[in-house]
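Chemist: Got a structure for you, written out below as structure tokens; questions coming shortly.
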There are 2 protein chains.
Amino acid sequence: MEEETGKQFGSDNDPLLVSVRSGAAVSMPGMMDTVLNLGLTDKAVEGLATISGNRRFALDAYRRLLNMFGDVVMGVPHDAFEEEFDRIKEQHGVTLDTDLNEEGLDQLIAAYKAVYRKHTGEEFPQDPYLQMQKAVEAVFKSWNIPRAIRYREINEITGLLGTAVNVQSMVFGNMGDDSGTGVAFTRDPSTGLNEFYGEFLVNAQGEDVVAGIRTPQNVTEMVHWRKDIYEQLLDVKRILENHYREMQDIEYTIERGNLYLLQTRTGKRTGFAAVKIAVEMVVEGRITRNEAMMRVPANDLNQLLLPTFDPSAAREVLTTGLPASPGACFGMLAFSADEAVDRTHEGEAVLLVRKETSPEDISGMHAAAGILTSTGGMTSHAAVVARGWGKCCVAGAGEITINEADRTITINGRTFGDRDTLSIDGSTGEVMAGKVATQDPQLSDEFDSLMEWADEHRKLGVRTNADTPADAARARSYGAEGIGLCRTEHMFFEGERITEMREMILAENQEDRITALDKLLPHQREDFKGIFTAMAGLPVTVRLLDPPLHEFLTHEKHLQAELAERLGLPVEKIEARVAQLHESNPMLGHRGCRLSITYPEILEMQVTAITEAAIECQQEGVEARPEIMIPLVGTAKELDLLRQRVERTIALTARNRGITDLVEIPVGTMIEIPRAALTADQVAEHADFFSFGTNDLTQMTFGYSRDDINSFLPHYLRQEILERDPFQSIDVSGVGQLVEMAVSKGRIIDENMKMGICGEHGGDPASISFCHDIGLNYVSCSPFRVPIARLAAARRRLNKGLNKNGTRRRRRVRRG
Amino acid sequence: MEEETGKQFGSDNDPLLVSVRSGAAVSMPGMMDTVLNLGLTDKAVEGLATISGNRRFALDAYRRLLNMFGDVVMGVPHDAFEEEFDRIKEQHGVTLDTDLNEEGLDQLIAAYKAVYRKHTGEEFPQDPYLQMQKAVEAVFKSWNIPRAIRYREINEITGLLGTAVNVQSMVFGNMGDDSGTGVAFTRDPSTGLNEFYGEFLVNAQGEDVVAGIRTPQNVTEMVHWRKDIYEQLLDVKRILENHYREMQDIEYTIERGNLYLLQTRTGKRTGFAAVKIAVEMVVEGRITRNEAMMRVPANDLNQLLLPTFDPSAAREVLTTGLPASPGACFGMLAFSADEAVDRTHEGEAVLLVRKETSPEDISGMHAAAGILTSTGGMTSHAAVVARGWGKCCVAGAGEITINEADRTITINGRTFGDRDTLSIDGSTGEVMAGKVATQDPQLSDEFDSLMEWADEHRKLGVRTNADTPADAARARSYGAEGIGLCRTEHMFFEGERITEMREMILAENQEDRITALDKLLPHQREDFKGIFTAMAGLPVTVRLLDPPLHEFLTHEKHLQAELAERLGLPVEKIEARVAQLHESNPMLGHRGCRLSITYPEILEMQVTAITEAAIECQQEGVEARPEIMIPLVGTAKELDLLRQRVERTIALTARNRGITDLVEIPVGTMIEIPRAALTADQVAEHADFFSFGTNDLTQMTFGYSRDDINSFLPHYLRQEILERDPFQSIDVSGVGQLVEMAVSKGRIIDENMKMGICGEHGGDPASISFCHDIGLNYVSCSPFRVPIARLAAARRRLNKGLNKNGTRRRRRVRRG
């Protein structure tokens with residue numbers, strides 16, 4: 001290894017030094033990046049000193065090699081070196097490394113060698129080739145460390161055999177004040193603005209920029225140092241973007257006034273920047289629209305759609321919980337659902353703080369600005385409901401102790417009460433004191449363009465899960481093409497209705513139940529009218545009552561007493577009914593269509609309300625398109641019986657209202673019980689559509705209770721038994737196999753049957769890809785994930801289109 | 001229709017009367033059987049009176065026709081006729097129908113006509129042909145009533161297009177004291193003894209024998225009435241058995257001294273009789289051994305294996321619950337598990353009476369003579385555990401109120417305390433006052449012969465589910481060829497161990513947990529030694545710990561306080577741990593192999609105990625053949641990791657004991673999670689065997705919690721959404737599909753992989769047939785069902801062999 005200058009690698013007198021760095025196109029967590037100054041030894045450092053005429057420079061390069069090689073290649077703790085550095089700088093009364101003289105550097109080198117010896121059990125290698133060999137091996141090995149593998153999986157970086165290793169001859173930014181080093185992005189990676197963006201340091205080597213000891217200067221200030229070099233850099237930006245047609249992340253060094261480019265690769269960026277850069281590059285004619293879409297990972301849109309904390313605002317972090325539902329919010333503390341509702345109505349912004357939430361808390365959760373729980377995980381009730389609404393939530397912040405009695409919480413010794421404000425960041429899990437300034441999402445023109453292109457390309461429809469006119473309207477503004485899941489149970493919790501609902505549940509016979517249901521009917525009808533109107537012209541899939549009845553009763557003694565008084569019943573009766581309805585495993589209990597089998601009058605009330613709402617809309621010129629969905633079907637016979645009952649009720653309602661031209665109301669079913677998927681051909685005989693409820697299907701296929709999974713899921717992820725939380729991203733080989741089976745079997749009976757997914761997976765890009773591949777008609781997700789789903793659907797189709805042989809690729813599932 | 005006598009059907013003067021009866025070979029519930037005296041009208045009755053010279057006889061025949069036709073053909077309530085009959089008999093001061101004179105009969109006929117008119121809205125038809133036509137149609141229609149369909153399905157009566165209808169000319173047993181009628185069996189249908197058995201009545205028609213107004217005479221007493229006819233009947237018995245090679249159930253009538261045979265068909269019989277008759281007929285050379293096996297429904301053996309109440313003993317029935325686990329027992333009332341254990345140890349026979357049972361009650365349930373619960377169904381904890389042990393249990397006796405405080409129960413106003421004795425019949429659900437005499441099962445030589453023949457013919461192995469040496473020994477005596485499921489959790493409830501188990505659960509770190517586990521180890525080792533010894537030479541599949549840990553802690557406050565004192569811990573700590581371990585859906589929670597992933601030290605203790613027990617057996621010359629089974633596997637990775645851990649522990653234990661020739665211990669898995677079945681090919685890579693846990697697989701495939709199913713299952717059975725309780729008999733199209741899929745996928749990886757079933761279905765004949773069909777190697781069931789399984793397996797193989805084309809038939813499953 002010899003340069004034209006006559007320098008030679010391994011030489012003691014005129015050593016050629018090299019850097020070794022990974023040739024991977026993106027930096028991956030855990031991957032080894034760079035080792036500089038390889039080739040220096042006790043002898044060669046003196047040769048370099050002589051040749052360069054700058055012994056201080058040579059020593060500086062050597063101490064950097066000792067540190068970097070020890071740290072990166074040999075795994076010596078970085079702090080062990082830092083401590084020595086700090087000690088010697090203090091001895092010499094200097095703070096900056098550049099101020100340390102030769103004597104200090106000599107001491108430092110001796111100290112570093114001792115550190116190296118102590119931690120590795122061997123001497124720092126004085127053979128340059130051995131140094132290089134070890135550095136190269138370290139790069140190769142780091143390709144297969146678990147974090148890097150996981151990163152490639154998540155980011156779908158496939159088809160690579162491994163990383164390349166680049167060995168470069170060194171240039172030196174630490175040769176004096178006419179030298180320097182820096183990193184830069186050809187555009188702003190935070191905002192996407194087409195402005196050169198970066199930092200540099202005079203008389204330094206690469207790691208100084210990130211180490212944080214010296215504060216680097218903004219690259220634009222280079223004008224004042226060396227205008228010629230700055231202009232060379234602007235030329236480089238232009239040349240690289242023309243060549244790569246992408247925003248570049250570059251590393252450069254200036255050695256004695258000469259600019260060297262060390263590396264260029266595609267730059268990482270925020271969601272905001274990804275959208276802006278991609279769309280502007282289309283405008284600039286550099287890339288096609290399809291390429292633009294492929295450059296914005298769908299999940300990146302999440303950032304654009306939620307309020308965020310102002311990154312420049314000060315924040316005092318009290319503790320960190322789980323980032324359960326993204327967003328940024330603040331509020332005074334509310335300790336119960338009712339309190340949250342009341343205070344919100346009075347115009348306060350409140351955070352609902354609970355140990356964990358339950359369906360009884362729904363109204364308070366909806367009202368509150370955000371939700372903070374001290375137990376429960378990413379899939380707890382609080383987290384799931386909050387994500388569904390796009391509401392900010394931090395869950396499982398275990399350092400928080402809630403003292404309900406004196407209405408305070410304690411975090412690491414500090415106490416906060418109902419007049420104290422906290423801020424929570426649902427993207428990081430941070431809980432902060434006071435009100436941290438936020439910024440609202442502003443959807444850019446570039447975002448609109450991207451969405452428009454996505455809609456042109458996707459095959460998969462995108463609907464939303466929404467239970468209120470407001471949610472429906474918001475989702476529609478985000479591009480939802482209908483409602484795929486309108487849950488009716490939340491409607492029963494609002495205001496007076498919960499009392500009527502409880503009256504129904506406490507009724508001792510069918511007659512009394514019907515009386516109570518009659519009171520609920522007008523509320524349901526108005527709810528449906530509101531939703532149908534918000535979604536005028538688009539389909540609205542209404543799921544009939546799903547949760548077990550005990551979820552509507554209260555378990556707290558004083559609330560039971562209150563209810564007893566209100567309904568004029570002995571409290572014992574309420575207690576007895578609560579006890580009677582208690583279930584060992586409510587997930588697998590008396591709920592879903594099982595309720596419609598045993599209490600057909602509930603189904604009849606709901607279907608009557610849907611039909612009457614549709615009729616009234618029709619009479620008012622609003623195009624209502626309801627679809628009725630029967631949940632938790634496990635046998636074809638259930639659907640057969642209930643469908644007949646639904647159809648009889650629709651016909652009766654139309655007749656009672658004197659209507660003969662009622663729009664047809666399709667009747668379909670959730671496929672969320674494994675048995676329904678296994679016997680989907682039989683079920684399909686009675687269904688107009690299938691909607692895959694992959695939340696419950698995942699629970700039953702794995703035998704995992706979403707509410708209880710936190711006791712073992714973290715172990716399962718850590719030990720890589722599961723690659724991902726199967727409630728976040730669909731488990732293709734198990735749950736997905738059932739879904740695909742049901743699609744095939746259903747389409748044998750009706751090849752055009754409409755099929756969609758309405759579990760939380762409907763908003764997850766990997767799951768959306770799966771849905772596209774197996775030929776579903778639509779996904780349905782929470783309003784805030786609608787744009788993500790639109791883009792993900794388009795990207796999957798494009799990705800398939802980019803297949804080598806140009807044909808549509810079918811995913812292979814291993815079969816028995 | 002004309003007889004050689006000149007009588008003519010439809011004639012008013014000399015009417016030929018006919019009976020219409022089903023030609024079905026067996027009587028089925030709901031099927032219409034017989035209508036007599038068809039052809040009589042207001043006119044013909046007088047003709048018959050004239051011709052017979054016996055107007056009383058003619059009127060008697062007419063009133064019978066009105067009653068029977070109204071009841072059986074037209075659905076008029078039988079009681080409506082009975083009331084009139086009683087009224088008129090009272091009017092005339094007589095109690096027997098034979099004492100009613102002509103006048104009374106005339107009145108009765110008028111009254112019956114009025115009843116008929118009132119309930120049918122029409123007059124009794126005076127057209128004889130219309131009478132016959134309606135009777136014939138009624139027979140045909142009754143073939144398809146649901147109860148009859150269900151009966152044919154359960155009894156696997158297939159390949160029939162419908163029933164035949166026999167129209168017979170009448171002979172009359174009610175023509176005077178030289179006439180009579182009766183039914184008889186050619187052998188005793190209760191005991192199987194080869195003795196003519198039956199009843200007869202003088203001057204009567206068929207329905208009188210069963211109506212219970214007049215008490216029929218034993219057929220052997222006919223000798224005193226008409227010896228010649230009795231001898232004719234004995235001839236008939238011989239002729240029929242020679243012809244049909246089966247025990248016959250006959251109906252006969254004697255008209256004026258002449259014997260007529262009305263019907264003969266195969267006689268129904270008890271399990272005792274079925275075995276005795278079948279085997280004796282082989283000895284008599286009438287049938288082959290294979291035919292003998294096909295004549296004993298496997299479930300019939302149940303009767304032979306359990307103690308029964310002496311049928312001749314008097315019984316006072318207080319209430320009736322669900323027949324949860326067959327058997328007959330009595331005992332004084334015990335109100336808690338501990339009480340049941342203590343009093344049993346003191347030599348008392350006790351009945352454990354609980355609202356419902358939980359795993360904490362196990363020791364008491366095991367100790368008690370029987371179990372009686374006031375809630376819970378056929379699949380409640382009490383019922384399932386009791387059936388597993390063959391222990392008598394009546395569940396869900398809702399009329400019982402338990403007053404734990406004053407240690408009494410109240411049944412319909414009567415109160416019983418801890419010194420009162422009740423008897424319960426697990427085959428009928430009856431709860432009776434006092435001690436009703438029982439009789440022990442005595443296995444006959446015929447039973448042994450049948451079992452021997454079954455073993456020669458079956459392909460399917462039969463193992464047992466047993467957790468104790470006593471159960472293992474009993475099962476072995478019943479022919480079990482190994483243990484398919486040895487649950488280890490019951491071992492933790494006995495005596496001191498539960499305290500040690502709780503200590504382990506309450507431990508705050510792994511070290512303390514290991515200390516507590518070390519105390520449990522010797523107990524487990526001894527348990528396993530006992531079981532391996534009882535099963536010497538046969539395989540014993542040990543399932544590692546399965547239930548969630550909270551099942552081992554107590555939820556009762558005073559017991560928590562007691563435990564706290566015993567362990568020297570603050571009670572708050574126990575309360576906190578109980579709260580922490582609480583799960584919303586324990587079925588889908590932290591249990592099974594998930595415990596082994598998070599607490600590997602529990603697995604290590606259990607595997608060490610198994611290995612040490614095997615080593616000690618080996619050293620003592622006992623051939624121990626343990627197999628280790630990992631429960632609740634859902635992913636191949638779980639089994640991969642745990643199998644490695646099991647193998648390391650076995651190797652380490654052998655090394656510690658200085659053993660080099662340890663018998664190989666296979667490691668396999670339960671397939672009880674749908675995902676495990678779906679990915680069985682992946683799971684099979686790490687398994688030496690599969691054991692299908694169809695209890696849990698049914699729970700998850702249907703989404704049914706066995707503990708909560710009673711709120712809707714009765715509706716589901718009534719509305720025929722489900723044909724059978726899927727926990728009793730395997731759901732072939734859903735759960736069975738998964739099992740079959742797993743068998744196919746597993747055998748792709750290892751075509752010889754041993755596969756069995758260890759759910760409760762392993763003792764159900766229909767499920768055993770399914771297991772045979774899909775090629776499982778064995779079924780495992782509770783000890784008391786081992787003989788049933790042996791016979792069922794043989795019957796299925798024979799049944800398949802009897803297939804028309806002689807080839808082995810494959811069951812077809814509908815596929816997508």
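Chain labels run A, B, ... following the order of the structure tokens; each chain numbers its residues from 1, and ligands are numbered from 1 in the order shown.
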What are the closest atom pairs, with distances in Å to one decimal, for each residue of chain B lying within 7 Å of chain A, using only C-alpha atoms, rows by chain and rising residue number, as a Markdown table?

Modeler:
```
| residue | atom | partner | partner_atom | distance |
| --- | --- | --- | --- | --- |
| B:Glu583 | CA | A:Asp708 | CA | 5.9 |
| B:Ser584 | CA | A:Asp707 | CA | 6.4 |
| B:Asn585 | CA | A:Asn585 | CA | 4.4 |
| B:Pro586 | CA | A:Asn585 | CA | 6.6 |
| B:Met587 | CA | A:Asn585 | CA | 6.6 |
| B:Leu588 | CA | A:Tyr704 | CA | 4.7 |
| B:Gly589 | CA | A:Asp708 | CA | 5.6 |
| B:His590 | CA | A:Phe712 | CA | 6.6 |
| B:Arg594 | CA | A:Phe712 | CA | 6.8 |
| B:Thr598 | CA | A:His715 | CA | 6.6 |
| B:Gly634 | CA | A:Phe702 | CA | 6.0 |
| B:Lys637 | CA | A:Ile721 | CA | 5.3 |
| B:Glu638 | CA | A:Ile721 | CA | 6.2 |
| B:Ile673 | CA | A:Gly703 | CA | 6.2 |
| B:Pro674 | CA | A:Thr701 | CA | 5.0 |
| B:Arg675 | CA | A:Thr701 | CA | 5.2 |
| B:Leu678 | CA | A:Gly734 | CA | 6.0 |
| B:Thr679 | CA | A:Gly734 | CA | 6.5 |
| B:Met700 | CA | A:Met700 | CA | 5.2 |
| B:Thr701 | CA | A:Pro674 | CA | 5.0 |
| B:Phe702 | CA | A:Arg675 | CA | 5.6 |
| B:Gly703 | CA | A:Leu588 | CA | 4.9 |
| B:Tyr704 | CA | A:Leu588 | CA | 4.7 |
| B:Ser705 | CA | A:Leu588 | CA | 4.8 |
| B:Asp707 | CA | A:Ser584 | CA | 6.4 |
| B:Asp708 | CA | A:Gly589 | CA | 5.6 |
| B:Ile709 | CA | A:Gly589 | CA | 6.5 |
| B:Ser711 | CA | A:His590 | CA | 6.7 |
| B:Phe712 | CA | A:His590 | CA | 6.6 |
| B:His715 | CA | A:Thr598 | CA | 6.6 |
| B:Ile721 | CA | A:Lys637 | CA | 5.3 |
| B:Gly734 | CA | A:Arg675 | CA | 5.3 |
| B:Met741 | CA | A:Gly816 | CA | 6.9 |
| B:Ser744 | CA | A:Gly816 | CA | 6.1 |
| B:Lys745 | CA | A:Gly816 | CA | 4.5 |
| B:Gly816 | CA | A:Lys745 | CA | 4.4 |
```

Chemist: Please list as a PyMOL selection string every residue within 12 Å of Glu456 in chain A, counting only C-alpha atoms and excluding residues in the same chain fewer than 3 positions away.

Modeler: chain A and resi 289-290+293+449-453+459-461+790-791+793-795+797-798

Chemist: Write out as a PyMOL selection string all residues of range 7-252 of chain B that DSSP puts in helix (DSSP H, G or I) for this structure's backbone.

Modeler: chain B and resi 42-52+55-73+78-91+97-99+102-120+128-142+146-154+207-211+219-244

Chemist: Identify which of the residues A:Ser782, A:Gln8, A:Ser190, A:Gln126 lies closest to Gly479 in chain A, counting only C-alpha atoms when measuring atom-to-atom distances.

Modeler: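 Residue with the minimum atom-to-atom distance to Gly479 in chain A: A:Ser782.
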
Chemist: Would you work out the distance separating CA of Ala382 in chain A from CA of Ala324 in chain A, expressed in Å to one decimal?

Modeler: 8.3 Å

Chemist: Skipping near chain neighbours, those fewer than 4 positions away, what residues fall within 7 Å of Ile277 in chain B using only C-alpha atoms, listed as a list in words?

Modeler: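 Once the adjacent positions are removed, what remains is Gly192, Ala273 and Met281 of chain B.
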
Chemist: Keeping only N, CA, C and O atoms, write the selected residues to a file as a PDB file, in the first residue's frame.

Modeler:
```
ATOM      1  N   GLY B 192     -78.539 -58.585  31.310  1.00  0.00           N
ATOM      2  CA  GLY B 192     -78.025 -59.379  30.198  1.00  0.00           C
ATOM      3  C   GLY B 192     -78.220 -60.875  30.381  1.00  0.00           C
ATOM      4  O   GLY B 192     -77.891 -61.659  29.489  1.00  0.00           O
ATOM      5  N   ALA B 273     -75.767 -55.203  30.389  1.00  0.00           N
ATOM      6  CA  ALA B 273     -76.407 -56.220  29.556  1.00  0.00           C
ATOM      7  C   ALA B 273     -75.743 -56.280  28.187  1.00  0.00           C
ATOM      8  O   ALA B 273     -75.563 -57.370  27.629  1.00  0.00           O
ATOM      9  N   MET B 281     -73.176 -64.253  23.228  1.00  0.00           N
ATOM     10  CA  MET B 281     -73.586 -64.646  21.876  1.00  0.00           C
ATOM     11  C   MET B 281     -72.388 -65.136  21.059  1.00  0.00           C
ATOM     12  O   MET B 281     -72.541 -65.942  20.148  1.00  0.00           O
TER      13      MET B 281
END
```

Chemist: Step one, run DSSP on the backbone; step two, keep only residues of range 38-234 of chain A assigned to strand (DSSP E or B); then write them as a count of residues only.

Modeler: 20
